[in-house]
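S.K.: Pasting in a structure now, in structure tokens, and then I'll have a few things to ask.
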Amino acid sequence: MSSLKDQVKALEKKSRLVNENLIDAVWIVDYKSRCIDYITPSIETISGYMPDEWVGGNVETFMDPESFEKAVAIIEEGKRKFQEGKKSIRNMDLKFIHKSGSAYWAEVRATLTREGKDQLKVVGVIRDITEKKADELEMKSLNKKLTQALADKEKLLQEIKVLEGLLPICSACKRIRDENGKWWPLDIYVKKRTDVELTHTICSDCKSVLYTDI
């Protein structure tokens, strides 16, 4: 039978194996100070920083300012519910700063827990979603372009309808030009394109000018 010491060593070995091979990173942050108490080694793959560089530092140091403010607001809301006895897990898409200086996106799932009587801790899991976020932003951009293209198409169709409703007519002889550039007398043009039969008469205005003796 193995001793308790051997069992503890075996558990520590398994725990170390899991922590070192996690794709996501697990962290514990002190609620009041915002300082990181603990983070798994997998954070190096995500952020470029070694775990020792995270531990003891303020989480704000590693985040985009706007995302940090967003995270604080969400955690504050979670705290109010926690104090009411409603424990919940908060999901956040937040932007972090890689050690190289570039930005990356991470999905953070966090919850509040109490350590001792007074200390509040934020326990969370970080998952790199930079590629997923890039795809989402590209899709959003494509949808925006598609919406604009459809709007432009609709506008063009409306303009075409207006243009189709205009007839080029000679200001002198009053003949009409068709789509092939040929000029037609008004009555022939109308007859070729409609079922209307034209009859010739004379309006009262023309009658008063041309036939003053009638």
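Numbering starts fresh at 1 for the residues of each chain in the structure tokens, the chains themselves are lettered A, B, ... in the order given, and ligands are numbered from 1 as they appear.
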Skipping near chain neighbours, those fewer than 5 positions away, what residues fall within 10 Å of Val108 (chain A) using only C-alpha atoms, listed as JSON, numbers by chain?
M.R.: {"A": [24, 25, 26, 71, 89, 90, 91, 92, 93, 94, 124, 125, 126, 127, 128, 129]}
S.K.: DSSP on the backbone: what in region 32-194 of chain A comes out strand (DSSP E or B), as number ranges by chain?
M.R.: A: 35-39, 58, 63, 90-97, 103-115, 119-128, 169, 176-177, 183-184
S.K.: Write out as a list in words which residues come within 12 Å of Thr130 (chain A) when counting only C-alpha atoms, dropping same-chain ones fewer than 6 positions away.
M.R.: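 Counting only C-alpha atoms, the residues come to Ile46, Ser47, Asp93, Leu94, Lys95, Phe96, Ile97, His98, Ser102, Ala103, Tyr104, Trp105, Ala106, Glu107, Glu136 and Leu137 of chain A.
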S.K.: Please list as a list of chain:residue names every residue within 10 Å of Arg34 (chain A), counting only C-alpha atoms and excluding residues in the same chain fewer than 6 positions away.
M.R.: A:Ile28, A:Gly56, A:Gly57, A:Asn58, A:Val59, A:Glu60, A:Val72, A:Lys121, A:Val122
S.K.: Could you pull the residues within 12 Å of Lys86 (chain A), counting only C-alpha atoms, minus those fewer than 3 positions along the same chain, as a PyMOL selection string?
M.R.: chain A and resi 77-83+89+111-113
S.K.: So that I have them on file, write out the residues from the current selection with C-alpha atoms, as a short mmCIF file (atom, residue, chain, number, x, y, z; two decimals), in the first residue's frame.
M.R.:
```cif
data_model
loop_
_atom_site.label_atom_id
_atom_site.label_comp_id
_atom_site.auth_asym_id
_atom_site.auth_seq_id
_atom_site.Cartn_x
_atom_site.Cartn_y
_atom_site.Cartn_z
CA GLU A 77 -22.72 43.40 -11.62
CA GLY A 78 -21.75 39.83 -10.71
CA LYS A 79 -20.71 40.96 -7.24
CA ARG A 80 -24.14 42.46 -6.54
CA LYS A 81 -25.78 39.16 -7.47
CA PHE A 82 -23.16 37.23 -5.48
CA GLN A 83 -23.99 39.26 -2.37
CA ILE A 89 -20.69 32.52 -14.38
CA THR A 111 -17.18 33.64 -11.32
CA LEU A 112 -16.81 35.07 -7.84
CA THR A 113 -15.93 33.02 -4.81
#
```
S.K.: Hey, what's within 12 Å of Val190 (chain A) if we count only C-alpha atoms and toss same-chain stuff fewer than 5 positions away? As a compact mmCIF listing (two decimals) with C-alpha atoms, in the first residue's frame, please?
M.R.:
```txt
# COMPACT_ATOMS: atom_id res chain seq x y z
CA LEU A 167 -38.76 59.92 -73.70
CA ARG A 175 -40.34 63.12 -83.09
CA ILE A 176 -39.26 60.60 -80.45
CA ARG A 177 -35.93 58.77 -80.35
CA ASP A 178 -36.04 55.04 -79.57
CA TRP A 184 -40.18 58.30 -84.91
CA PRO A 185 -43.25 60.48 -85.33
CA ASP A 195 -52.42 48.95 -77.92
CA VAL A 196 -53.70 52.49 -78.23
CA GLU A 197 -55.30 53.50 -81.52
CA LEU A 198 -54.72 57.16 -82.31
CA THR A 199 -57.37 59.31 -83.98
```
S.K.: Report, in Å with one decimal, the straight-line distance from CA of Glu115 (chain A) to CA of Val55 (chain A).
M.R.: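 Distance reported for this atom pair: 17.6 Å.
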S.K.: Between CA of Trp27 (chain A) and CA of Phe68 (chain A), measure the distance and give it in Å to one decimal.
M.R.: 15.7 Å
